[in-house]
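Asks: Sending over a structure as structure tokens; questions will come in a sec.
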Amino acid sequence: MRVWRWVFLGVLFAAFILRIDAFKLGRSRPTERISGSAGDVLEDDPVGRLKVFVYELPSKYNKKILQKDPRCLTHMFAAEIFMHRFLLSSPVRTLNPDEADWFYTPVYTTCDLTPNGLPLPFKSPRMMRSAIQLISSNWPYWNRTEGADHFFVVPHDFGACFHYQEEKAIERGILPLLQRATLVQTFGQRNHVCLKEGSITIPPYAPPQKMHSHLIPEKTPRSIFVYFRGLFYDVGNDPEGGYYARGARAAVWENFKDNPLFDISTEHPTTYYEDMQRAIFCLCPLGWAPWSPRLVEAVIFGCIPVIIADDIVLPFADAIPWEEIGVFVDEKDVPNLDTILTSIPPEVILRKQRLLANPSMKQAMLFPQPAQPGDAFHQVLNGLARKLPHDKSVHLKPGEKILNWTAGPVGDLKPW
């Protein structure tokens, strides 16, 4: 009986592809622009709308750390490095701090890697505290607002909570000295202690040159219905299997490992990027954190992202219309994934594909070198510009103090 079910699904998929091809015959435009405010915001030019002062810190906070481990340039947290490089030569940079709208402190808090290339966040709080102590001692600008006109790039798994395990991150909370600052971070989840109001959520770093080198002809048929490569279980850190990805990845495997519509595996082939370009839907489930580079990869390669992460806050959500280009599936509904995806009308799929083909959509997800108009660097600046002018309340009264410099775990208070 089960075999006949898979045969039926195979026939259904073939019919589905034919329906999509039939719709394509009547379509002349391969791309579509987002109408209304979302598209306009995506194409905003931040130059002339804000000025940023970049603190010149001793190289031990950034360049020397990178020199010790160049792998930091290619891992998913590398936005902190490239944002620094971008700002140093950006037209929004000002050398006069008295005319600055924003202040940026270049600290590479994720560039402490294990032999396997995973970032260790344990030194990050002390490193960040040390940098803030330095700028508050050598310049007057931090003290007048206690950081309310400062922004920091914190691309850890759980942002400025500085831990890769959610329970520990929640227990720690955001570093107390960053409570008034604007945080630019990859982590985004509604109603979570590690995402403060006003933060700017960004995509994880994905090497643009590497991705572009794997592009295949645009007319290549999308013959894979659902595609995913990655872990379903993390036995080493979650031996009982119910905590990792809140069980969502395990549910994908248990329900669809034998389903012919689903090309899913733990193996990561050399044709991974090419395969995504042959797929209609790409699963983007949560892991230990709700975000992953798959989201960037899916958009770049025109594969409709299937977002399985309840309450996720997506990158540049005020500029990128995620509801129109992606599919959202609640974690509890994972067992019904096949029904949900095969029920989407072909015309809806085609529109999502046309929107994904829009170059501005792809550009906003990347941190290219050199920077290009509309890229992720500029989207961060757009987000900062939209917060201006600062409310007068950000400036403290003479003698007023809000932040507690002795708050937080005892270990964080040790010198770095």
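Naming scheme: A, B, ... for chains in displayed order of the structure tokens; residues 1 onward per chain; ligands 1 onward as shown.
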Need to verify the contact set: Thr266 (chain A), 10 Å, only C-alpha atoms, exclusion of same-chain residues closer than 6 positions in sequence. Can you return it as a PyMOL selection string?
Replies: chain A and resi 228-233+253
Asks: Per DSSP on the backbone, filter region 170-382 of chain A down to the residues in strand (DSSP E or B) and report them as JSON, numbers by chain.
Replies: {"A": [182, 183, 184, 185, 189, 200, 201, 224, 225, 226, 227, 228, 229, 262, 263, 264, 265, 279, 280, 281, 282, 283, 284, 285, 304, 305, 306, 307, 308, 312, 327, 328]}
Asks: Would you kindly return, as a PyMOL selection string, each protein, DNA or RNA residue with an atom no farther than 12 Å from any atom of Glu274 (chain A), considering only C-alpha atoms and excluding same-chain residues fewer than 3 positions away?
Replies: chain A and resi 210-218+220-224+227+268-271+277-279+297-298+300-303
Asks: Show me, as a PDB file with N, CA, C and O atoms, in the first residue's frame, the residues that have an atom within 7 Å of region 186-202 of chain A when counting only C-alpha atoms, minus same-chain residues fewer than 6 positions from it.
Replies:
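result-v8.pdb, freshly written:
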```pdb
ATOM      1  N   PRO A 155      27.051  39.025  15.555  1.00  0.00           N
ATOM      2  CA  PRO A 155      26.454  37.951  14.752  1.00  0.00           C
ATOM      3  C   PRO A 155      26.512  36.555  15.369  1.00  0.00           C
ATOM      4  O   PRO A 155      26.424  35.560  14.653  1.00  0.00           O
ATOM      5  N   ASP A 157      25.262  33.168  17.489  1.00  0.00           N
ATOM      6  CA  ASP A 157      24.018  32.392  17.384  1.00  0.00           C
ATOM      7  C   ASP A 157      22.860  33.116  18.045  1.00  0.00           C
ATOM      8  O   ASP A 157      21.764  33.192  17.486  1.00  0.00           O
ATOM      9  N   PHE A 158      23.081  33.617  19.255  1.00  0.00           N
ATOM     10  CA  PHE A 158      22.045  34.330  19.995  1.00  0.00           C
ATOM     11  C   PHE A 158      22.481  35.760  20.303  1.00  0.00           C
ATOM     12  O   PHE A 158      22.227  36.292  21.380  1.00  0.00           O
ATOM     13  N   GLY A 159      23.117  36.392  19.312  1.00  0.00           N
ATOM     14  CA  GLY A 159      23.459  37.800  19.401  1.00  0.00           C
ATOM     15  C   GLY A 159      24.301  38.143  20.610  1.00  0.00           C
ATOM     16  O   GLY A 159      25.261  37.447  20.962  1.00  0.00           O
ATOM     17  N   ALA A 160      23.931  39.236  21.288  1.00  0.00           N
ATOM     18  CA  ALA A 160      24.711  39.752  22.416  1.00  0.00           C
ATOM     19  C   ALA A 160      24.451  38.996  23.711  1.00  0.00           C
ATOM     20  O   ALA A 160      24.917  39.411  24.770  1.00  0.00           O
ATOM     21  N   CYS A 161      23.715  37.870  23.648  1.00  0.00           N
ATOM     22  CA  CYS A 161      23.638  36.981  24.811  1.00  0.00           C
ATOM     23  C   CYS A 161      24.909  36.130  24.910  1.00  0.00           C
ATOM     24  O   CYS A 161      25.165  35.519  25.948  1.00  0.00           O
ATOM     25  N   ILE A 170      19.698  32.456  27.221  1.00  0.00           N
ATOM     26  CA  ILE A 170      18.571  33.076  27.929  1.00  0.00           C
ATOM     27  C   ILE A 170      18.964  33.411  29.365  1.00  0.00           C
ATOM     28  O   ILE A 170      18.633  34.473  29.895  1.00  0.00           O
ATOM     29  N   GLY A 173      21.279  36.502  29.123  1.00  0.00           N
ATOM     30  CA  GLY A 173      20.650  37.732  28.658  1.00  0.00           C
ATOM     31  C   GLY A 173      21.641  38.588  27.873  1.00  0.00           C
ATOM     32  O   GLY A 173      22.831  38.277  27.769  1.00  0.00           O
ATOM     33  N   ILE A 174      21.156  39.675  27.320  1.00  0.00           N
ATOM     34  CA  ILE A 174      22.022  40.595  26.566  1.00  0.00           C
ATOM     35  C   ILE A 174      23.008  41.253  27.519  1.00  0.00           C
ATOM     36  O   ILE A 174      22.663  41.610  28.651  1.00  0.00           O
ATOM     37  N   TRP A 291      17.892  30.765  12.682  1.00  0.00           N
ATOM     38  CA  TRP A 291      18.401  31.183  11.375  1.00  0.00           C
ATOM     39  C   TRP A 291      19.519  30.248  10.906  1.00  0.00           C
ATOM     40  O   TRP A 291      20.133  29.541  11.695  1.00  0.00           O
ATOM     41  N   ASP A 311       8.042  32.095  15.105  1.00  0.00           N
ATOM     42  CA  ASP A 311       8.384  33.404  15.675  1.00  0.00           C
ATOM     43  C   ASP A 311       9.701  33.976  15.170  1.00  0.00           C
ATOM     44  O   ASP A 311      10.250  34.909  15.761  1.00  0.00           O
ATOM     45  N   ILE A 312      10.229  33.451  14.070  1.00  0.00           N
ATOM     46  CA  ILE A 312      11.484  33.975  13.541  1.00  0.00           C
ATOM     47  C   ILE A 312      11.302  35.413  13.064  1.00  0.00           C
ATOM     48  O   ILE A 312      10.251  35.787  12.531  1.00  0.00           O
ATOM     49  N   VAL A 313      12.318  36.239  13.297  1.00  0.00           N
ATOM     50  CA  VAL A 313      12.383  37.588  12.739  1.00  0.00           C
ATOM     51  C   VAL A 313      13.408  37.537  11.619  1.00  0.00           C
ATOM     52  O   VAL A 313      14.591  37.281  11.851  1.00  0.00           O
ATOM     53  N   LEU A 314      12.963  37.764  10.399  1.00  0.00           N
ATOM     54  CA  LEU A 314      13.817  37.549   9.228  1.00  0.00           C
ATOM     55  C   LEU A 314      14.624  38.792   8.881  1.00  0.00           C
ATOM     56  O   LEU A 314      14.272  39.908   9.257  1.00  0.00           O
ATOM     57  N   PRO A 315      15.727  38.613   8.141  1.00  0.00           N
ATOM     58  CA  PRO A 315      16.592  39.743   7.800  1.00  0.00           C
ATOM     59  C   PRO A 315      15.859  40.834   7.032  1.00  0.00           C
ATOM     60  O   PRO A 315      15.101  40.547   6.100  1.00  0.00           O
ATOM     61  N   PHE A 316      16.109  42.079   7.454  1.00  0.00           N
ATOM     62  CA  PHE A 316      15.579  43.249   6.752  1.00  0.00           C
ATOM     63  C   PHE A 316      14.089  43.087   6.444  1.00  0.00           C
ATOM     64  O   PHE A 316      13.622  43.325   5.326  1.00  0.00           O
ATOM     65  N   GLY A 383      18.543  50.825   7.584  1.00  0.00           N
ATOM     66  CA  GLY A 383      17.888  50.589   8.866  1.00  0.00           C
ATOM     67  C   GLY A 383      18.292  51.614   9.911  1.00  0.00           C
ATOM     68  O   GLY A 383      17.461  52.095  10.691  1.00  0.00           O
TER      69      GLY A 383
END
```
Asks: Under the rule that only C-alpha atoms are counted, which of A:Ile132, A:Ala250, A:Ala371, A:Val184 is the nearest residue to Glu146 (chain A)?
Replies: A:Ile132
Asks: May I have a table of the residues of region 316-414 of chain A lying at most 10 Å from region 80-102 of chain A, giving each one's closest pair of atoms and their distance in Å to one decimal, counting only C-alpha atoms, ordered by chain and ascending residue number, as a Markdown table?
Replies:
```
| residue | atom | partner | partner_atom | distance |
| --- | --- | --- | --- | --- |
| A:Phe367 | CA | A:Phe82 | CA | 7.2 |
| A:Pro368 | CA | A:Phe82 | CA | 8.6 |
| A:Gln369 | CA | A:Phe82 | CA | 8.1 |
| A:Pro370 | CA | A:Phe86 | CA | 8.0 |
| A:Ala371 | CA | A:Phe86 | CA | 7.0 |
| A:Ala376 | CA | A:Met83 | CA | 9.3 |
| A:Phe377 | CA | A:Met83 | CA | 6.7 |
| A:His378 | CA | A:Phe86 | CA | 9.7 |
| A:Val380 | CA | A:Met83 | CA | 9.2 |
| A:Leu381 | CA | A:Val92 | CA | 8.7 |
| A:Leu384 | CA | A:Trp102 | CA | 8.1 |
| A:Ala385 | CA | A:Asp101 | CA | 8.8 |
| A:Lys387 | CA | A:Asp101 | CA | 10.0 |
| A:Leu388 | CA | A:Asp101 | CA | 7.8 |
| A:Pro389 | CA | A:Asp101 | CA | 8.0 |
| A:His390 | CA | A:Asp101 | CA | 8.1 |
```
Asks: Please produce an output containing N, CA and C atoms for each residue in the selection, written as a PDB file, in the first residue's frame.
Replies:
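File written: selection.pdb
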```pdb
ATOM      1  N   PHE A 367      26.948  40.356   1.293  1.00  0.00           N
ATOM      2  CA  PHE A 367      27.954  41.340   1.707  1.00  0.00           C
ATOM      3  C   PHE A 367      29.130  41.257   0.726  1.00  0.00           C
ATOM      4  N   PRO A 368      28.971  41.811  -0.492  1.00  0.00           N
ATOM      5  CA  PRO A 368      30.025  41.659  -1.507  1.00  0.00           C
ATOM      6  C   PRO A 368      31.201  42.599  -1.261  1.00  0.00           C
ATOM      7  N   GLN A 369      32.357  42.219  -1.811  1.00  0.00           N
ATOM      8  CA  GLN A 369      33.536  43.079  -1.762  1.00  0.00           C
ATOM      9  C   GLN A 369      34.018  43.283  -3.203  1.00  0.00           C
ATOM     10  N   PRO A 370      34.009  44.515  -3.716  1.00  0.00           N
ATOM     11  CA  PRO A 370      33.575  45.737  -3.029  1.00  0.00           C
ATOM     12  C   PRO A 370      32.048  45.803  -2.904  1.00  0.00           C
ATOM     13  N   ALA A 371      31.595  46.703  -2.028  1.00  0.00           N
ATOM     14  CA  ALA A 371      30.165  46.872  -1.806  1.00  0.00           C
ATOM     15  C   ALA A 371      29.475  47.363  -3.073  1.00  0.00           C
ATOM     16  N   ALA A 376      23.643  44.140   1.367  1.00  0.00           N
ATOM     17  CA  ALA A 376      23.327  44.040   2.793  1.00  0.00           C
ATOM     18  C   ALA A 376      23.960  45.175   3.597  1.00  0.00           C
ATOM     19  N   PHE A 377      25.151  45.631   3.196  1.00  0.00           N
ATOM     20  CA  PHE A 377      25.757  46.772   3.882  1.00  0.00           C
ATOM     21  C   PHE A 377      24.810  47.966   3.847  1.00  0.00           C
ATOM     22  N   HIS A 378      24.295  48.246   2.647  1.00  0.00           N
ATOM     23  CA  HIS A 378      23.423  49.404   2.483  1.00  0.00           C
ATOM     24  C   HIS A 378      22.082  49.206   3.182  1.00  0.00           C
ATOM     25  N   VAL A 380      21.740  47.681   6.036  1.00  0.00           N
ATOM     26  CA  VAL A 380      22.022  48.013   7.435  1.00  0.00           C
ATOM     27  C   VAL A 380      21.994  49.527   7.619  1.00  0.00           C
ATOM     28  N   LEU A 381      22.650  50.254   6.712  1.00  0.00           N
ATOM     29  CA  LEU A 381      22.648  51.717   6.807  1.00  0.00           C
ATOM     30  C   LEU A 381      21.240  52.283   6.656  1.00  0.00           C
ATOM     31  N   LEU A 384      19.575  51.975   9.932  1.00  0.00           N
ATOM     32  CA  LEU A 384      20.053  52.997  10.870  1.00  0.00           C
ATOM     33  C   LEU A 384      19.484  54.370  10.521  1.00  0.00           C
ATOM     34  N   ALA A 385      19.423  54.674   9.223  1.00  0.00           N
ATOM     35  CA  ALA A 385      18.909  55.979   8.792  1.00  0.00           C
ATOM     36  C   ALA A 385      17.439  56.144   9.162  1.00  0.00           C
ATOM     37  N   LYS A 387      16.035  55.221  11.739  1.00  0.00           N
ATOM     38  CA  LYS A 387      15.912  55.485  13.174  1.00  0.00           C
ATOM     39  C   LYS A 387      16.202  56.946  13.527  1.00  0.00           C
ATOM     40  N   LEU A 388      16.597  57.718  12.532  1.00  0.00           N
ATOM     41  CA  LEU A 388      16.925  59.124  12.768  1.00  0.00           C
ATOM     42  C   LEU A 388      15.699  60.012  12.536  1.00  0.00           C
ATOM     43  N   PRO A 389      15.657  61.192  13.166  1.00  0.00           N
ATOM     44  CA  PRO A 389      16.619  61.672  14.166  1.00  0.00           C
ATOM     45  C   PRO A 389      16.426  60.974  15.509  1.00  0.00           C
ATOM     46  N   HIS A 390      17.493  60.915  16.285  1.00  0.00           N
ATOM     47  CA  HIS A 390      17.388  60.334  17.612  1.00  0.00           C
ATOM     48  C   HIS A 390      16.449  61.173  18.480  1.00  0.00           C
TER      49      HIS A 390
END
```
Asks: Residues of region 179-264 of chain A that have any atom at most 12 Å from an atom of region 105-109 of chain A: could you tabulate them with the shortest-distance atom pair and the distance in Å to one decimal, using only C-alpha atoms, ordered by chain and increasing number, as JSON lines?
Replies:
```
{"residue": "A:Ala181", "atom": "CA", "partner": "A:Thr105", "partner_atom": "CA", "distance": 11.0}
{"residue": "A:Thr182", "atom": "CA", "partner": "A:Thr105", "partner_atom": "CA", "distance": 11.6}
{"residue": "A:Leu183", "atom": "CA", "partner": "A:Thr105", "partner_atom": "CA", "distance": 11.3}
{"residue": "A:Val184", "atom": "CA", "partner": "A:Thr105", "partner_atom": "CA", "distance": 11.8}
```
Asks: Might you pull out every residue within 8 Å of His156 (chain A), with only C-alpha atoms counted and same-chain residues fewer than 5 positions away left off, and present them as a ChimeraX atom specification?
Replies: /A:77,110,121,162-164,185-187
Asks: Any chance you could export the current selection's N, CA and C atoms as an mmCIF file, in the first residue's frame?
Replies:
```
data_model
loop_
_atom_site.group_PDB
_atom_site.id
_atom_site.type_symbol
_atom_site.label_atom_id
_atom_site.label_comp_id
_atom_site.auth_asym_id
_atom_site.auth_seq_id
_atom_site.Cartn_x
_atom_site.Cartn_y
_atom_site.Cartn_z
ATOM 1 N N PHE A 77 29.594 34.061 10.371
ATOM 2 C CA PHE A 77 29.540 35.216 11.260
ATOM 3 C C PHE A 77 30.427 36.375 10.763
ATOM 4 N N THR A 110 33.311 37.184 17.268
ATOM 5 C CA THR A 110 33.094 35.782 16.870
ATOM 6 C C THR A 110 34.343 35.131 16.302
ATOM 7 N N PRO A 121 32.174 31.681 22.136
ATOM 8 C CA PRO A 121 31.750 33.016 22.587
ATOM 9 C C PRO A 121 32.178 33.376 24.003
ATOM 10 N N PHE A 162 25.664 36.069 23.813
ATOM 11 C CA PHE A 162 26.989 35.453 23.780
ATOM 12 C C PHE A 162 27.022 34.030 24.332
ATOM 13 N N HIS A 163 26.179 33.174 23.772
ATOM 14 C CA HIS A 163 26.289 31.740 24.031
ATOM 15 C C HIS A 163 25.601 31.002 22.899
ATOM 16 N N TYR A 164 26.107 29.808 22.557
ATOM 17 C CA TYR A 164 25.546 29.072 21.434
ATOM 18 C C TYR A 164 24.434 28.111 21.858
ATOM 19 N N GLN A 185 22.350 42.096 14.265
ATOM 20 C CA GLN A 185 22.590 40.691 14.579
ATOM 21 C C GLN A 185 21.831 39.756 13.654
ATOM 22 N N THR A 186 22.370 38.540 13.512
ATOM 23 C CA THR A 186 21.704 37.526 12.698
ATOM 24 C C THR A 186 20.539 36.897 13.442
ATOM 25 N N PHE A 187 20.630 36.829 14.768
ATOM 26 C CA PHE A 187 19.561 36.198 15.543
ATOM 27 C C PHE A 187 18.309 37.064 15.562
#
```
Asks: Please identify all polymer residues within 9 Å of Ile308 (chain A), counting only C-alpha atoms, omitting same-chain residues fewer than 5 positions from it, and present them as a PDB file with all heavy atoms, in the first residue's frame.
Replies:
```pdb
ATOM      1  N   ALA A 248      11.805  19.676  15.007  1.00  0.00           N
ATOM      2  CA  ALA A 248      11.271  19.916  13.650  1.00  0.00           C
ATOM      3  C   ALA A 248      12.067  19.171  12.590  1.00  0.00           C
ATOM      4  O   ALA A 248      11.492  18.591  11.649  1.00  0.00           O
ATOM      5  CB  ALA A 248      11.256  21.415  13.357  1.00  0.00           C
ATOM      6  N   LEU A 283      14.037  23.628   2.039  1.00  0.00           N
ATOM      7  CA  LEU A 283      13.676  23.701   3.452  1.00  0.00           C
ATOM      8  C   LEU A 283      14.687  24.535   4.216  1.00  0.00           C
ATOM      9  O   LEU A 283      15.903  24.359   4.070  1.00  0.00           O
ATOM     10  CB  LEU A 283      13.607  22.293   4.054  1.00  0.00           C
ATOM     11  CG  LEU A 283      12.613  21.314   3.420  1.00  0.00           C
ATOM     12  CD1 LEU A 283      12.580  20.014   4.224  1.00  0.00           C
ATOM     13  CD2 LEU A 283      11.217  21.923   3.322  1.00  0.00           C
ATOM     14  N   CYS A 284      14.184  25.433   5.044  1.00  0.00           N
ATOM     15  CA  CYS A 284      15.018  26.288   5.895  1.00  0.00           C
ATOM     16  C   CYS A 284      14.523  26.152   7.343  1.00  0.00           C
ATOM     17  O   CYS A 284      13.933  27.072   7.902  1.00  0.00           O
ATOM     18  CB  CYS A 284      14.948  27.750   5.442  1.00  0.00           C
ATOM     19  SG  CYS A 284      15.491  28.033   3.758  1.00  0.00           S
ATOM     20  N   PRO A 285      14.762  24.974   7.942  1.00  0.00           N
ATOM     21  CA  PRO A 285      14.287  24.774   9.311  1.00  0.00           C
ATOM     22  C   PRO A 285      15.247  25.370  10.323  1.00  0.00           C
ATOM     23  O   PRO A 285      16.431  25.579  10.039  1.00  0.00           O
ATOM     24  CB  PRO A 285      14.254  23.249   9.434  1.00  0.00           C
ATOM     25  CG  PRO A 285      15.372  22.796   8.550  1.00  0.00           C
ATOM     26  CD  PRO A 285      15.425  23.785   7.404  1.00  0.00           C
ATOM     27  N   LEU A 286      14.735  25.632  11.507  1.00  0.00           N
ATOM     28  CA  LEU A 286      15.618  26.060  12.580  1.00  0.00           C
ATOM     29  C   LEU A 286      16.569  24.928  12.947  1.00  0.00           C
ATOM     30  O   LEU A 286      16.315  23.750  12.643  1.00  0.00           O
ATOM     31  CB  LEU A 286      14.811  26.466  13.801  1.00  0.00           C
ATOM     32  CG  LEU A 286      14.145  25.361  14.660  1.00  0.00           C
ATOM     33  CD1 LEU A 286      13.781  25.925  16.033  1.00  0.00           C
ATOM     34  CD2 LEU A 286      12.915  24.780  13.975  1.00  0.00           C
ATOM     35  N   PRO A 290      17.175  29.913  15.220  1.00  0.00           N
ATOM     36  CA  PRO A 290      16.159  29.878  14.166  1.00  0.00           C
ATOM     37  C   PRO A 290      16.688  30.185  12.773  1.00  0.00           C
ATOM     38  O   PRO A 290      16.012  29.904  11.787  1.00  0.00           O
ATOM     39  CB  PRO A 290      15.148  30.945  14.611  1.00  0.00           C
ATOM     40  CG  PRO A 290      15.899  31.846  15.520  1.00  0.00           C
ATOM     41  CD  PRO A 290      16.929  30.997  16.196  1.00  0.00           C
ATOM     42  N   VAL A 327       7.522  30.423   1.954  1.00  0.00           N
ATOM     43  CA  VAL A 327       6.404  29.666   2.505  1.00  0.00           C
ATOM     44  C   VAL A 327       6.706  29.443   3.983  1.00  0.00           C
ATOM     45  O   VAL A 327       7.801  28.985   4.331  1.00  0.00           O
ATOM     46  CB  VAL A 327       6.227  28.304   1.801  1.00  0.00           C
ATOM     47  CG1 VAL A 327       5.142  27.472   2.481  1.00  0.00           C
ATOM     48  CG2 VAL A 327       5.897  28.501   0.324  1.00  0.00           C
ATOM     49  N   PHE A 328       5.765  29.763   4.855  1.00  0.00           N
ATOM     50  CA  PHE A 328       5.941  29.596   6.293  1.00  0.00           C
ATOM     51  C   PHE A 328       5.139  28.384   6.766  1.00  0.00           C
ATOM     52  O   PHE A 328       3.944  28.283   6.488  1.00  0.00           O
ATOM     53  CB  PHE A 328       5.492  30.848   7.040  1.00  0.00           C
ATOM     54  CG  PHE A 328       6.399  32.029   6.843  1.00  0.00           C
ATOM     55  CD1 PHE A 328       6.342  32.785   5.680  1.00  0.00           C
ATOM     56  CD2 PHE A 328       7.336  32.373   7.808  1.00  0.00           C
ATOM     57  CE1 PHE A 328       7.185  33.869   5.488  1.00  0.00           C
ATOM     58  CE2 PHE A 328       8.178  33.452   7.635  1.00  0.00           C
ATOM     59  CZ  PHE A 328       8.108  34.200   6.468  1.00  0.00           C
ATOM     60  N   VAL A 329       5.815  27.494   7.460  1.00  0.00           N
ATOM     61  CA  VAL A 329       5.169  26.298   7.993  1.00  0.00           C
ATOM     62  C   VAL A 329       5.432  26.243   9.496  1.00  0.00           C
ATOM     63  O   VAL A 329       6.592  26.277   9.926  1.00  0.00           O
ATOM     64  CB  VAL A 329       5.699  25.018   7.310  1.00  0.00           C
ATOM     65  CG1 VAL A 329       5.076  23.776   7.943  1.00  0.00           C
ATOM     66  CG2 VAL A 329       5.419  25.055   5.814  1.00  0.00           C
ATOM     67  N   ASP A 330       4.378  26.169  10.279  1.00  0.00           N
ATOM     68  CA  ASP A 330       4.547  26.039  11.726  1.00  0.00           C
ATOM     69  C   ASP A 330       5.254  24.733  12.049  1.00  0.00           C
ATOM     70  O   ASP A 330       5.056  23.715  11.363  1.00  0.00           O
ATOM     71  CB  ASP A 330       3.190  26.061  12.428  1.00  0.00           C
ATOM     72  CG  ASP A 330       2.516  27.429  12.376  1.00  0.00           C
ATOM     73  OD1 ASP A 330       3.211  28.415  12.048  1.00  0.00           O
ATOM     74  OD2 ASP A 330       1.305  27.506  12.637  1.00  0.00           O
ATOM     75  N   GLU A 331       6.042  24.754  13.111  1.00  0.00           N
ATOM     76  CA  GLU A 331       6.797  23.559  13.490  1.00  0.00           C
ATOM     77  C   GLU A 331       5.875  22.367  13.742  1.00  0.00           C
ATOM     78  O   GLU A 331       6.198  21.234  13.383  1.00  0.00           O
ATOM     79  CB  GLU A 331       7.652  23.868  14.715  1.00  0.00           C
ATOM     80  CG  GLU A 331       8.757  24.890  14.432  1.00  0.00           C
ATOM     81  CD  GLU A 331       9.368  25.468  15.703  1.00  0.00           C
ATOM     82  OE1 GLU A 331       9.338  24.772  16.750  1.00  0.00           O
ATOM     83  OE2 GLU A 331       9.871  26.606  15.663  1.00  0.00           O
ATOM     84  N   VAL A 334       4.866  20.243  10.510  1.00  0.00           N
ATOM     85  CA  VAL A 334       5.867  19.585   9.672  1.00  0.00           C
ATOM     86  C   VAL A 334       5.374  18.240   9.128  1.00  0.00           C
ATOM     87  O   VAL A 334       5.621  17.926   7.952  1.00  0.00           O
ATOM     88  CB  VAL A 334       7.198  19.422  10.441  1.00  0.00           C
ATOM     89  CG1 VAL A 334       8.133  18.451   9.719  1.00  0.00           C
ATOM     90  CG2 VAL A 334       7.884  20.775  10.585  1.00  0.00           C
TER      91      VAL A 334
END
```
Asks: Choose the residue, out of A:Ala79, A:Ala251, A:Leu66, A:Leu57, that has the smallest atom-to-atom separation from Ala131 (chain A); count only C-alpha atoms.
Replies: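 Closest to Ala131 (chain A) of all the choices is A:Leu57.
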